[in-house]
$ cat entry_20.txt   # compact mmCIF, N, CA and C atoms
# COMPACT_ATOMS: atom_id res chain seq x y z
N MET A 1245 0.82 -1.19 0.00
CA MET A 1245 0.00 0.00 0.00
C MET A 1245 0.87 1.26 0.00
N VAL A 1246 1.95 1.24 0.78
CA VAL A 1246 2.83 2.40 0.84
C VAL A 1246 3.49 2.65 -0.51
N GLU A 1247 3.70 1.58 -1.30
CA GLU A 1247 4.36 1.71 -2.59
C GLU A 1247 3.61 2.67 -3.52
N ARG A 1248 2.27 2.61 -3.50
CA ARG A 1248 1.51 3.50 -4.38
C ARG A 1248 1.71 4.97 -4.00
N TYR A 1249 1.93 5.24 -2.72
CA TYR A 1249 2.17 6.61 -2.29
C TYR A 1249 3.58 7.07 -2.71
N TRP A 1250 4.56 6.17 -2.62
CA TRP A 1250 5.90 6.49 -3.12
C TRP A 1250 5.82 6.81 -4.62
N GLU A 1251 5.08 5.99 -5.36
CA GLU A 1251 4.93 6.22 -6.80
C GLU A 1251 4.26 7.57 -7.06
N ALA A 1252 3.26 7.90 -6.27
CA ALA A 1252 2.56 9.18 -6.43
C ALA A 1252 3.52 10.35 -6.19
N LEU A 1253 4.41 10.20 -5.20
CA LEU A 1253 5.37 11.27 -4.90
C LEU A 1253 6.39 11.47 -6.01
N LYS A 1254 6.62 10.42 -6.80
CA LYS A 1254 7.53 10.57 -7.95
C LYS A 1254 6.94 11.50 -9.01
N GLY A 1255 5.65 11.78 -8.91
CA GLY A 1255 5.01 12.72 -9.82
C GLY A 1255 5.11 14.16 -9.37
N VAL A 1256 5.64 14.39 -8.16
CA VAL A 1256 5.80 15.75 -7.65
C VAL A 1256 7.16 16.26 -8.10
N LYS A 1257 7.12 17.23 -9.00
CA LYS A 1257 8.35 17.78 -9.57
C LYS A 1257 8.88 18.94 -8.74
N ASP A 1258 10.18 19.15 -8.82
CA ASP A 1258 10.78 20.33 -8.23
C ASP A 1258 10.41 21.49 -9.16
N PRO A 1259 9.66 22.48 -8.68
CA PRO A 1259 9.21 23.57 -9.56
C PRO A 1259 10.34 24.37 -10.20
N GLU A 1260 11.50 24.37 -9.56
CA GLU A 1260 12.63 25.12 -10.09
C GLU A 1260 13.46 24.31 -11.07
N ILE A 1261 13.33 22.98 -11.02
CA ILE A 1261 14.05 22.09 -11.93
C ILE A 1261 13.05 20.98 -12.32
N PRO A 1262 12.14 21.28 -13.23
CA PRO A 1262 11.01 20.40 -13.50
C PRO A 1262 11.32 19.01 -14.07
N VAL A 1263 12.56 18.72 -14.38
CA VAL A 1263 12.88 17.36 -14.84
C VAL A 1263 13.12 16.43 -13.66
N LEU A 1264 13.20 16.97 -12.45
CA LEU A 1264 13.46 16.16 -11.27
C LEU A 1264 12.24 16.06 -10.38
N ASN A 1265 12.08 14.89 -9.75
CA ASN A 1265 11.01 14.75 -8.77
C ASN A 1265 11.61 14.73 -7.37
N ILE A 1266 10.75 14.92 -6.39
CA ILE A 1266 11.23 15.07 -5.01
C ILE A 1266 11.78 13.78 -4.41
N VAL A 1267 11.40 12.63 -4.97
CA VAL A 1267 11.94 11.36 -4.47
C VAL A 1267 13.39 11.20 -4.91
N GLU A 1268 13.65 11.38 -6.21
CA GLU A 1268 15.02 11.22 -6.69
C GLU A 1268 15.94 12.34 -6.20
N MET A 1269 15.35 13.46 -5.78
CA MET A 1269 16.13 14.54 -5.18
C MET A 1269 16.57 14.19 -3.75
N GLY A 1270 15.95 13.17 -3.16
CA GLY A 1270 16.29 12.80 -1.79
C GLY A 1270 15.58 13.64 -0.75
N MET A 1271 14.48 14.26 -1.16
CA MET A 1271 13.74 15.13 -0.25
C MET A 1271 12.73 14.38 0.61
N VAL A 1272 12.32 13.18 0.18
CA VAL A 1272 11.35 12.39 0.93
C VAL A 1272 12.12 11.37 1.77
N LEU A 1273 11.95 11.47 3.08
CA LEU A 1273 12.67 10.58 3.99
C LEU A 1273 11.87 9.34 4.36
N GLY A 1274 10.56 9.43 4.27
CA GLY A 1274 9.75 8.27 4.63
C GLY A 1274 8.28 8.51 4.38
N VAL A 1275 7.57 7.41 4.17
CA VAL A 1275 6.13 7.44 3.97
C VAL A 1275 5.52 6.35 4.85
N GLU A 1276 4.52 6.73 5.65
CA GLU A 1276 3.81 5.78 6.50
C GLU A 1276 2.33 5.88 6.19
N ALA A 1277 1.68 4.75 6.12
CA ALA A 1277 0.23 4.73 5.87
C ALA A 1277 -0.45 3.93 6.97
N GLU A 1278 -1.52 4.49 7.49
CA GLU A 1278 -2.34 3.81 8.49
C GLU A 1278 -3.78 4.05 8.08
N GLY A 1279 -4.38 3.01 7.51
CA GLY A 1279 -5.72 3.18 6.97
C GLY A 1279 -5.69 4.14 5.81
N GLU A 1280 -6.49 5.18 5.88
CA GLU A 1280 -6.54 6.17 4.81
C GLU A 1280 -5.72 7.42 5.14
N LYS A 1281 -4.93 7.35 6.21
CA LYS A 1281 -4.07 8.47 6.61
C LYS A 1281 -2.64 8.18 6.16
N VAL A 1282 -2.02 9.18 5.55
CA VAL A 1282 -0.64 9.05 5.09
C VAL A 1282 0.19 10.16 5.71
N ARG A 1283 1.36 9.78 6.20
CA ARG A 1283 2.29 10.72 6.81
C ARG A 1283 3.59 10.66 6.02
N VAL A 1284 4.05 11.83 5.59
CA VAL A 1284 5.28 11.93 4.81
C VAL A 1284 6.31 12.74 5.58
N ARG A 1285 7.51 12.18 5.72
CA ARG A 1285 8.62 12.94 6.30
C ARG A 1285 9.39 13.52 5.12
N PHE A 1286 9.53 14.84 5.13
CA PHE A 1286 10.05 15.57 3.99
C PHE A 1286 11.07 16.59 4.47
N ARG A 1287 12.10 16.81 3.66
CA ARG A 1287 13.07 17.87 3.99
C ARG A 1287 13.33 18.70 2.74
N PRO A 1288 13.34 20.01 2.90
CA PRO A 1288 13.62 20.87 1.75
C PRO A 1288 15.10 20.85 1.41
N THR A 1289 15.41 21.22 0.19
CA THR A 1289 16.82 21.29 -0.21
C THR A 1289 17.49 22.50 0.43
N PHE A 1290 16.76 23.59 0.55
CA PHE A 1290 17.25 24.80 1.21
C PHE A 1290 16.15 25.30 2.13
N SER A 1291 16.49 25.73 3.34
CA SER A 1291 15.46 26.17 4.28
C SER A 1291 14.70 27.39 3.76
N GLY A 1292 15.34 28.21 2.97
CA GLY A 1292 14.68 29.40 2.44
C GLY A 1292 14.13 29.22 1.03
N CYS A 1293 13.96 27.99 0.62
CA CYS A 1293 13.50 27.70 -0.74
C CYS A 1293 12.14 28.34 -0.99
N PRO A 1294 12.03 29.19 -2.02
CA PRO A 1294 10.76 29.85 -2.29
C PRO A 1294 9.67 28.90 -2.80
N ALA A 1295 10.06 27.72 -3.23
CA ALA A 1295 9.08 26.76 -3.76
C ALA A 1295 8.55 25.82 -2.69
N LEU A 1296 8.98 25.98 -1.46
CA LEU A 1296 8.61 25.05 -0.38
C LEU A 1296 7.10 24.90 -0.20
N ARG A 1297 6.38 26.00 -0.17
CA ARG A 1297 4.93 25.92 0.02
C ARG A 1297 4.27 25.17 -1.13
N LEU A 1298 4.69 25.46 -2.35
CA LEU A 1298 4.14 24.78 -3.52
C LEU A 1298 4.43 23.29 -3.48
N ILE A 1299 5.63 22.91 -3.10
CA ILE A 1299 5.99 21.49 -3.02
C ILE A 1299 5.12 20.78 -2.00
N ARG A 1300 4.92 21.40 -0.84
CA ARG A 1300 4.06 20.79 0.20
C ARG A 1300 2.64 20.59 -0.33
N GLU A 1301 2.12 21.60 -1.05
CA GLU A 1301 0.77 21.49 -1.62
C GLU A 1301 0.70 20.37 -2.66
N GLU A 1302 1.75 20.24 -3.46
CA GLU A 1302 1.78 19.20 -4.49
C GLU A 1302 1.91 17.80 -3.87
N ILE A 1303 2.61 17.70 -2.75
CA ILE A 1303 2.70 16.42 -2.03
C ILE A 1303 1.30 16.01 -1.58
N GLU A 1304 0.60 16.93 -0.94
CA GLU A 1304 -0.75 16.63 -0.45
C GLU A 1304 -1.67 16.24 -1.60
N LYS A 1305 -1.63 16.98 -2.68
CA LYS A 1305 -2.47 16.71 -3.84
C LYS A 1305 -2.18 15.33 -4.43
N ALA A 1306 -0.90 15.00 -4.61
CA ALA A 1306 -0.51 13.71 -5.19
C ALA A 1306 -0.98 12.54 -4.32
N LEU A 1307 -0.84 12.69 -3.01
CA LEU A 1307 -1.23 11.60 -2.10
C LEU A 1307 -2.74 11.44 -2.05
N ARG A 1308 -3.46 12.53 -2.10
CA ARG A 1308 -4.93 12.44 -2.13
C ARG A 1308 -5.41 11.78 -3.43
N GLU A 1309 -4.78 12.12 -4.53
CA GLU A 1309 -5.12 11.50 -5.81
C GLU A 1309 -4.79 10.01 -5.82
N ALA A 1310 -3.84 9.60 -4.97
CA ALA A 1310 -3.47 8.19 -4.86
C ALA A 1310 -4.35 7.44 -3.86
N GLY A 1311 -5.31 8.15 -3.24
CA GLY A 1311 -6.26 7.48 -2.36
C GLY A 1311 -6.23 7.87 -0.90
N ALA A 1312 -5.29 8.69 -0.49
CA ALA A 1312 -5.24 9.09 0.91
C ALA A 1312 -6.37 10.07 1.22
N LYS A 1313 -7.04 9.86 2.32
CA LYS A 1313 -8.12 10.78 2.75
C LYS A 1313 -7.56 11.88 3.65
N GLU A 1314 -6.52 11.53 4.38
CA GLU A 1314 -5.88 12.49 5.28
C GLU A 1314 -4.38 12.44 5.05
N VAL A 1315 -3.77 13.61 4.90
CA VAL A 1315 -2.33 13.70 4.62
C VAL A 1315 -1.66 14.61 5.64
N GLU A 1316 -0.57 14.13 6.18
CA GLU A 1316 0.26 14.93 7.08
C GLU A 1316 1.66 15.01 6.49
N VAL A 1317 2.13 16.22 6.26
CA VAL A 1317 3.48 16.44 5.75
C VAL A 1317 4.31 17.01 6.88
N VAL A 1318 5.28 16.25 7.33
CA VAL A 1318 6.13 16.64 8.45
C VAL A 1318 7.49 17.05 7.89
N GLU A 1319 7.87 18.27 8.18
CA GLU A 1319 9.17 18.76 7.71
C GLU A 1319 10.25 18.32 8.68
N ALA A 1320 11.16 17.50 8.19
CA ALA A 1320 12.26 17.00 9.01
C ALA A 1320 13.31 18.08 9.19
N ARG A 1321 13.97 18.04 10.29
CA ARG A 1321 15.00 19.04 10.59
C ARG A 1321 16.40 18.54 10.22
N THR A 1322 16.49 17.43 9.50
CA THR A 1322 17.78 16.93 9.07
C THR A 1322 18.19 17.67 7.80
N PRO A 1323 19.43 18.10 7.70
CA PRO A 1323 19.84 18.85 6.52
C PRO A 1323 19.91 17.97 5.27
N TRP A 1324 19.56 18.57 4.16
CA TRP A 1324 19.65 17.91 2.86
C TRP A 1324 21.03 18.18 2.28
N SER A 1325 21.54 17.23 1.53
CA SER A 1325 22.82 17.39 0.85
C SER A 1325 22.67 16.92 -0.59
N THR A 1326 23.45 17.45 -1.47
CA THR A 1326 23.43 16.98 -2.86
C THR A 1326 23.86 15.52 -2.94
N GLU A 1327 24.51 15.01 -1.91
CA GLU A 1327 24.87 13.59 -1.86
C GLU A 1327 23.63 12.71 -1.75
N ASP A 1328 22.50 13.30 -1.35
CA ASP A 1328 21.25 12.55 -1.21
C ASP A 1328 20.53 12.34 -2.54
N MET A 1329 21.00 13.00 -3.59
CA MET A 1329 20.37 12.86 -4.90
C MET A 1329 20.68 11.50 -5.51
N ALA A 1330 19.67 10.90 -6.14
CA ALA A 1330 19.87 9.63 -6.83
C ALA A 1330 20.68 9.87 -8.11
N GLU A 1331 21.36 8.84 -8.56
CA GLU A 1331 22.14 8.94 -9.80
C GLU A 1331 21.24 9.33 -10.97
N GLU A 1332 20.01 8.85 -10.96
CA GLU A 1332 19.05 9.19 -12.02
C GLU A 1332 18.83 10.71 -12.08
N ALA A 1333 18.78 11.35 -10.92
CA ALA A 1333 18.60 12.80 -10.88
C ALA A 1333 19.79 13.51 -11.50
N ARG A 1334 20.98 13.01 -11.24
CA ARG A 1334 22.19 13.62 -11.81
C ARG A 1334 22.18 13.49 -13.34
N ARG A 1335 21.78 12.32 -13.83
CA ARG A 1335 21.71 12.11 -15.28
C ARG A 1335 20.67 13.03 -15.92
N LYS A 1336 19.53 13.19 -15.24
CA LYS A 1336 18.48 14.06 -15.77
C LYS A 1336 18.94 15.52 -15.82
N LEU A 1337 19.67 15.96 -14.79
CA LEU A 1337 20.19 17.33 -14.79
C LEU A 1337 21.11 17.54 -15.99
N LEU A 1338 21.99 16.59 -16.22
CA LEU A 1338 22.93 16.69 -17.33
C LEU A 1338 22.17 16.77 -18.66
N GLY A 1339 21.16 15.93 -18.83
CA GLY A 1339 20.35 15.95 -20.04
C GLY A 1339 19.56 17.25 -20.20
N TYR A 1340 19.28 17.90 -19.10
CA TYR A 1340 18.53 19.16 -19.08
C TYR A 1340 19.45 20.35 -19.36
N GLY A 1341 20.77 20.08 -19.38
CA GLY A 1341 21.73 21.15 -19.65
C GLY A 1341 22.26 21.84 -18.41
N VAL A 1342 22.03 21.23 -17.24
CA VAL A 1342 22.53 21.76 -15.97
C VAL A 1342 23.60 20.81 -15.46
N ALA A 1343 24.76 21.34 -15.14
CA ALA A 1343 25.83 20.50 -14.59
C ALA A 1343 25.38 19.98 -13.23
N PRO A 1344 25.41 18.66 -13.05
CA PRO A 1344 25.01 18.12 -11.74
C PRO A 1344 26.03 18.50 -10.67
N PRO A 1345 25.62 18.43 -9.40
CA PRO A 1345 26.55 18.79 -8.33
C PRO A 1345 27.74 17.83 -8.31
N LEU A 1346 28.89 18.37 -7.99
CA LEU A 1346 30.08 17.55 -7.85
C LEU A 1346 30.03 16.83 -6.51
N PRO A 1347 30.75 15.72 -6.36
CA PRO A 1347 30.81 15.06 -5.05
C PRO A 1347 31.39 16.01 -4.00
N LEU A 1348 30.98 15.84 -2.75
CA LEU A 1348 31.43 16.74 -1.68
C LEU A 1348 32.95 16.93 -1.60
N PRO A 1349 33.74 15.87 -1.82
CA PRO A 1349 35.20 16.11 -1.76
C PRO A 1349 35.70 17.10 -2.81
N LEU A 1350 34.91 17.34 -3.86
CA LEU A 1350 35.33 18.25 -4.92
C LEU A 1350 34.68 19.63 -4.82
N VAL A 1351 34.01 19.91 -3.70
CA VAL A 1351 33.35 21.20 -3.53
C VAL A 1351 34.36 22.32 -3.75
N GLY A 1352 33.95 23.36 -4.47
CA GLY A 1352 34.84 24.46 -4.78
C GLY A 1352 35.50 24.33 -6.14
N LYS A 1353 35.47 23.17 -6.73
CA LYS A 1353 36.01 22.97 -8.08
C LYS A 1353 34.95 23.35 -9.10
N ASP A 1354 35.39 23.69 -10.30
CA ASP A 1354 34.46 24.01 -11.37
C ASP A 1354 33.97 22.72 -12.04
N PRO A 1355 32.68 22.67 -12.38
CA PRO A 1355 32.15 21.47 -13.04
C PRO A 1355 32.49 21.49 -14.53
N PRO A 1356 32.49 20.33 -15.16
CA PRO A 1356 32.67 20.31 -16.61
C PRO A 1356 31.41 20.82 -17.31
N CYS A 1357 31.55 21.29 -18.52
CA CYS A 1357 30.42 21.76 -19.30
C CYS A 1357 29.47 20.60 -19.58
N PRO A 1358 28.18 20.76 -19.29
CA PRO A 1358 27.24 19.65 -19.52
C PRO A 1358 26.97 19.40 -21.00
N ARG A 1359 27.37 20.32 -21.86
CA ARG A 1359 27.11 20.15 -23.30
C ARG A 1359 28.26 19.48 -24.03
N CYS A 1360 29.50 19.92 -23.76
CA CYS A 1360 30.63 19.35 -24.49
C CYS A 1360 31.61 18.60 -23.61
N GLY A 1361 31.47 18.72 -22.28
CA GLY A 1361 32.34 18.00 -21.35
C GLY A 1361 33.66 18.69 -21.03
N SER A 1362 33.92 19.84 -21.62
CA SER A 1362 35.18 20.54 -21.39
C SER A 1362 35.31 20.97 -19.93
N GLN A 1363 36.54 20.91 -19.43
CA GLN A 1363 36.85 21.38 -18.08
C GLN A 1363 37.20 22.87 -18.09
N GLU A 1364 37.31 23.44 -19.29
CA GLU A 1364 37.67 24.86 -19.41
C GLU A 1364 36.41 25.71 -19.33
N VAL A 1365 36.02 26.01 -18.09
CA VAL A 1365 34.81 26.79 -17.84
C VAL A 1365 35.15 27.98 -16.95
N VAL A 1366 34.34 29.03 -17.06
CA VAL A 1366 34.55 30.24 -16.28
C VAL A 1366 33.28 30.55 -15.49
N LEU A 1367 33.45 30.75 -14.19
CA LEU A 1367 32.32 31.13 -13.34
C LEU A 1367 31.93 32.56 -13.67
N LYS A 1368 30.67 32.77 -14.06
CA LYS A 1368 30.18 34.10 -14.41
C LYS A 1368 29.42 34.74 -13.25
N ASN A 1369 28.71 33.91 -12.47
CA ASN A 1369 27.93 34.43 -11.35
C ASN A 1369 27.71 33.30 -10.35
N THR A 1370 27.85 33.59 -9.06
CA THR A 1370 27.65 32.56 -8.04
C THR A 1370 26.17 32.20 -7.88
N PHE A 1371 25.28 32.95 -8.55
CA PHE A 1371 23.86 32.62 -8.52
C PHE A 1371 23.34 32.52 -9.94
N GLY A 1372 22.59 31.45 -10.20
CA GLY A 1372 21.93 31.28 -11.48
C GLY A 1372 20.51 31.79 -11.35
N ALA A 1373 19.60 31.15 -12.09
CA ALA A 1373 18.19 31.55 -12.04
C ALA A 1373 17.59 31.29 -10.66
N THR A 1374 18.17 30.35 -9.91
CA THR A 1374 17.72 30.05 -8.55
C THR A 1374 18.93 30.03 -7.62
N LEU A 1375 18.68 30.09 -6.32
CA LEU A 1375 19.77 30.12 -5.34
C LEU A 1375 20.62 28.86 -5.34
N CYS A 1376 20.07 27.75 -5.82
CA CYS A 1376 20.78 26.47 -5.77
C CYS A 1376 21.69 26.24 -6.97
N LYS A 1377 21.78 27.22 -7.86
CA LYS A 1377 22.60 27.05 -9.06
C LYS A 1377 23.55 28.22 -9.25
N MET A 1378 24.65 27.97 -9.99
CA MET A 1378 25.63 28.99 -10.36
C MET A 1378 25.64 29.10 -11.88
N LEU A 1379 26.15 30.21 -12.39
CA LEU A 1379 26.19 30.44 -13.82
C LEU A 1379 27.63 30.38 -14.34
N TYR A 1380 27.86 29.54 -15.35
CA TYR A 1380 29.18 29.35 -15.94
C TYR A 1380 29.12 29.60 -17.44
N GLN A 1381 30.30 29.77 -18.05
CA GLN A 1381 30.42 29.79 -19.50
C GLN A 1381 31.57 28.87 -19.88
N CYS A 1382 31.33 28.07 -20.90
CA CYS A 1382 32.34 27.14 -21.37
C CYS A 1382 33.27 27.86 -22.34
N ALA A 1383 34.58 27.75 -22.10
CA ALA A 1383 35.57 28.39 -22.98
C ALA A 1383 35.71 27.60 -24.29
N ALA A 1384 35.39 26.33 -24.28
CA ALA A 1384 35.55 25.50 -25.48
C ALA A 1384 34.41 25.67 -26.47
N CYS A 1385 33.17 25.57 -26.00
CA CYS A 1385 32.03 25.65 -26.94
C CYS A 1385 31.27 26.97 -26.85
N GLY A 1386 31.60 27.80 -25.84
CA GLY A 1386 30.97 29.11 -25.72
C GLY A 1386 29.62 29.12 -25.02
N GLU A 1387 29.08 27.97 -24.72
CA GLU A 1387 27.76 27.89 -24.09
C GLU A 1387 27.77 28.42 -22.66
N VAL A 1388 26.72 29.12 -22.32
CA VAL A 1388 26.49 29.55 -20.94
C VAL A 1388 25.61 28.46 -20.32
N PHE A 1389 25.96 28.02 -19.12
CA PHE A 1389 25.18 26.96 -18.47
C PHE A 1389 25.11 27.17 -16.97
N GLU A 1390 24.12 26.53 -16.38
CA GLU A 1390 23.99 26.56 -14.93
C GLU A 1390 24.59 25.28 -14.35
N ALA A 1391 25.08 25.40 -13.14
CA ALA A 1391 25.60 24.25 -12.42
C ALA A 1391 24.92 24.20 -11.06
N PHE A 1392 24.45 23.02 -10.68
CA PHE A 1392 23.82 22.82 -9.38
C PHE A 1392 24.90 22.92 -8.31
N LYS A 1393 24.68 23.73 -7.28
CA LYS A 1393 25.65 23.89 -6.20
C LYS A 1393 25.75 22.62 -5.37
N THR A 1394 26.94 22.31 -4.96
CA THR A 1394 27.18 21.18 -4.06
C THR A 1394 27.02 21.67 -2.63
N VAL A 1395 26.14 20.99 -1.88
CA VAL A 1395 25.96 21.32 -0.46
C VAL A 1395 25.95 20.05 0.35
$ encode --input "entry_20.txt" --output "structure tokens"
Amino acid sequence: MVERYWEALKGVKDPEIPVLNIVEMGMVLGVEAEGEKVRVRFRPTFSGCPALRLIREEIEKALREAGAKEVEVVEARTPWSTEDMAEEARRKLLGYGVAPPLPLPLVGKDPPCPRCGSQEVVLKNTFGATLCKMLYQCAACGEVFEAFKTV
């Protein structure tokens, strides 16, 4: 029974990166079902994330559509890290044209260009379209791209 709720949560996309869902992002810590009541333990990627309210609403909507009559979304106080992202999420970011986060031991290094793979990139801005991304330009192919910050 809990499996259907996990599947429903895979339909909840990150509004700022719509190719990713909250499960593969590592934002859902657990799902419990008791009768028609479902409880989800959830953690945001950033405490100040402007999409947090929308994500919570989408969680409730998805679970109700999957059959839950009562939904409780509990925000966990455990910090999220890019290490919590599934490999599938990293592949999707790359396909979307966003450099996936580097492993924690490489924090502070520049990511390769997601389009051509070149390591010759220049940081243009520490903030991209959202707080969780940076803006780079590739010296090899000239493309401007965003890179997901490693946290």
$ closest_residue --input "entry_20.txt" --among "A:Glu1364, A:Pro1349, A:Val1284, A:Phe1392" --to "A:Lys1377" --atoms "only N, CA and C atoms"
A:Phe1392
$ residues_around --input "entry_20.txt" --residues "stretch 1325-1342 of chain A" --least-positions-apart "2" --cutoff "7 Å" --atoms "only N, CA and C atoms" --output "list in words"
Val1263, Leu1264, Asn1265, Val1267, Glu1268, Met1269, Gly1270, Met1271, Thr1289, Pro1323, Pro1344, Pro1345, Pro1347, Leu1348, Pro1358, Arg1359, Phe1389, Glu1390, Ala1391, Phe1392, Lys1393, Thr1394 and Val1395 of chain A
$ closest_residue --input "entry_20.txt" --among "A:Lys1254, A:Trp1324, A:Ala1384, A:Ile1266" --to "A:Cys1360" --atoms "all atoms listed in the file"
A:Ala1384
$ atom_distance --input "entry_20.txt" --atom1 "atom C of A:Glu1276" --atom2 "atom CA of A:Arg1300"
16.2 Å
$ select_by_dssp --input "entry_20.txt" --residues "stretch 1278-1313 of chain A" --states "strand (DSSP E or B)" --output "VMD selection string"
chain A and resid 1278 1281 to 1286
$ closest_residue --input "entry_20.txt" --among "A:Arg1248, A:Lys1257, A:Arg1297, A:Lys1368" --to "A:Val1275" --atoms "only C-alpha atoms"
A:Arg1248
$ residues_around --input "entry_20.txt" --residues "stretch 1303-1310 of chain A" --least-positions-apart "2" --cutoff "6.5 Å" --atoms "only N, CA and C atoms" --output "list in words"
Arg1248, Tyr1249, Ala1252, Leu1253, Val1256, Leu1298, Ile1299, Arg1300, Glu1301, Ala1312, Lys1313 and Val1315 of chain A
$ write_last_selection --input "entry_20.txt" --atoms "N, CA and C atoms" --output "PDB file, in the frame of the given file"
ATOM      1  N   ARG A1248       2.270   2.610  -3.500  1.00  0.00           N
ATOM      2  CA  ARG A1248       1.510   3.500  -4.380  1.00  0.00           C
ATOM      3  C   ARG A1248       1.710   4.970  -4.000  1.00  0.00           C
ATOM      4  N   TYR A1249       1.930   5.240  -2.720  1.00  0.00           N
ATOM      5  CA  TYR A1249       2.170   6.610  -2.290  1.00  0.00           C
ATOM      6  C   TYR A1249       3.580   7.070  -2.710  1.00  0.00           C
ATOM      7  N   ALA A1252       3.260   7.900  -6.270  1.00  0.00           N
ATOM      8  CA  ALA A1252       2.560   9.180  -6.430  1.00  0.00           C
ATOM      9  C   ALA A1252       3.520  10.350  -6.190  1.00  0.00           C
ATOM     10  N   LEU A1253       4.410  10.200  -5.200  1.00  0.00           N
ATOM     11  CA  LEU A1253       5.370  11.270  -4.900  1.00  0.00           C
ATOM     12  C   LEU A1253       6.390  11.470  -6.010  1.00  0.00           C
ATOM     13  N   VAL A1256       5.640  14.390  -8.160  1.00  0.00           N
ATOM     14  CA  VAL A1256       5.800  15.750  -7.650  1.00  0.00           C
ATOM     15  C   VAL A1256       7.160  16.260  -8.100  1.00  0.00           C
ATOM     16  N   LEU A1298       4.690  25.460  -2.350  1.00  0.00           N
ATOM     17  CA  LEU A1298       4.140  24.780  -3.520  1.00  0.00           C
ATOM     18  C   LEU A1298       4.430  23.290  -3.480  1.00  0.00           C
ATOM     19  N   ILE A1299       5.630  22.910  -3.100  1.00  0.00           N
ATOM     20  CA  ILE A1299       5.990  21.490  -3.020  1.00  0.00           C
ATOM     21  C   ILE A1299       5.120  20.780  -2.000  1.00  0.00           C
ATOM     22  N   ARG A1300       4.920  21.400  -0.840  1.00  0.00           N
ATOM     23  CA  ARG A1300       4.060  20.790   0.200  1.00  0.00           C
ATOM     24  C   ARG A1300       2.640  20.590  -0.330  1.00  0.00           C
ATOM     25  N   GLU A1301       2.120  21.600  -1.050  1.00  0.00           N
ATOM     26  CA  GLU A1301       0.770  21.490  -1.620  1.00  0.00           C
ATOM     27  C   GLU A1301       0.700  20.370  -2.660  1.00  0.00           C
ATOM     28  N   ALA A1312      -5.290   8.690  -0.490  1.00  0.00           N
ATOM     29  CA  ALA A1312      -5.240   9.090   0.910  1.00  0.00           C
ATOM     30  C   ALA A1312      -6.370  10.070   1.220  1.00  0.00           C
ATOM     31  N   LYS A1313      -7.040   9.860   2.320  1.00  0.00           N
ATOM     32  CA  LYS A1313      -8.120  10.780   2.750  1.00  0.00           C
ATOM     33  C   LYS A1313      -7.560  11.880   3.650  1.00  0.00           C
ATOM     34  N   VAL A1315      -3.770  13.610   4.900  1.00  0.00           N
ATOM     35  CA  VAL A1315      -2.330  13.700   4.620  1.00  0.00           C
ATOM     36  C   VAL A1315      -1.660  14.610   5.640  1.00  0.00           C
TER      37      VAL A1315
END
$ atom_distance --input "entry_20.txt" --atom1 "atom N of A:Trp1250" --atom2 "atom N of A:Ala1343"
28.2 Å
$ select_by_dssp --input "entry_20.txt" --residues "stretch 1253-1389 of chain A" --states "helix (DSSP H, G or I)" --output "PyMOL selection string"
chain A and resi 1253+1296-1309+1326-1328+1331-1340+1348-1350
$ residues_near_point --input "entry_20.txt" --point "(19.1, 29.9, 0.4)" --cutoff "7 Å" --atoms "all atoms listed in the file" --output "number ranges by chain"
A: 1290-1293, 1375-1376
$ atom_distance --input "entry_20.txt" --atom1 "atom C of A:Phe1286" --atom2 "atom C of A:Val1317"
7.2 Å
$ closest_residue --input "entry_20.txt" --among "A:Glu1302, A:Asp1354, A:Glu1260, A:Glu1316" --to "A:Cys1382" --atoms "only C-alpha atoms"
A:Asp1354
$ closest_residue --input "entry_20.txt" --among "A:Thr1322, A:Glu1251, A:Leu1346, A:Ala1383" --to "A:Ser1362" --atoms "only N, CA and C atoms"
A:Ala1383
$ decode --input "entry_20.txt" --residues "stretch 1318-1332 of chain A" --atoms "C-alpha atoms" --output "PDB file, in the first residue's frame"
ATOM      1  CA  VAL A1318       6.130  16.642   8.447  1.00  0.00           C
ATOM      2  CA  GLU A1319       9.167  18.762   7.708  1.00  0.00           C
ATOM      3  CA  ALA A1320      12.264  16.998   9.009  1.00  0.00           C
ATOM      4  CA  ARG A1321      15.001  19.038  10.588  1.00  0.00           C
ATOM      5  CA  THR A1322      17.782  16.931   9.069  1.00  0.00           C
ATOM      6  CA  PRO A1323      19.845  18.853   6.522  1.00  0.00           C
ATOM      7  CA  TRP A1324      19.650  17.910   2.861  1.00  0.00           C
ATOM      8  CA  SER A1325      22.820  17.391   0.849  1.00  0.00           C
ATOM      9  CA  THR A1326      23.432  16.978  -2.856  1.00  0.00           C
ATOM     10  CA  GLU A1327      24.874  13.594  -1.861  1.00  0.00           C
ATOM     11  CA  ASP A1328      21.249  12.553  -1.208  1.00  0.00           C
ATOM     12  CA  MET A1329      20.368  12.864  -4.897  1.00  0.00           C
ATOM     13  CA  ALA A1330      19.866   9.630  -6.831  1.00  0.00           C
ATOM     14  CA  GLU A1331      22.138   8.945  -9.802  1.00  0.00           C
ATOM     15  CA  GLU A1332      19.055   9.195 -12.018  1.00  0.00           C
TER      16      GLU A1332
END
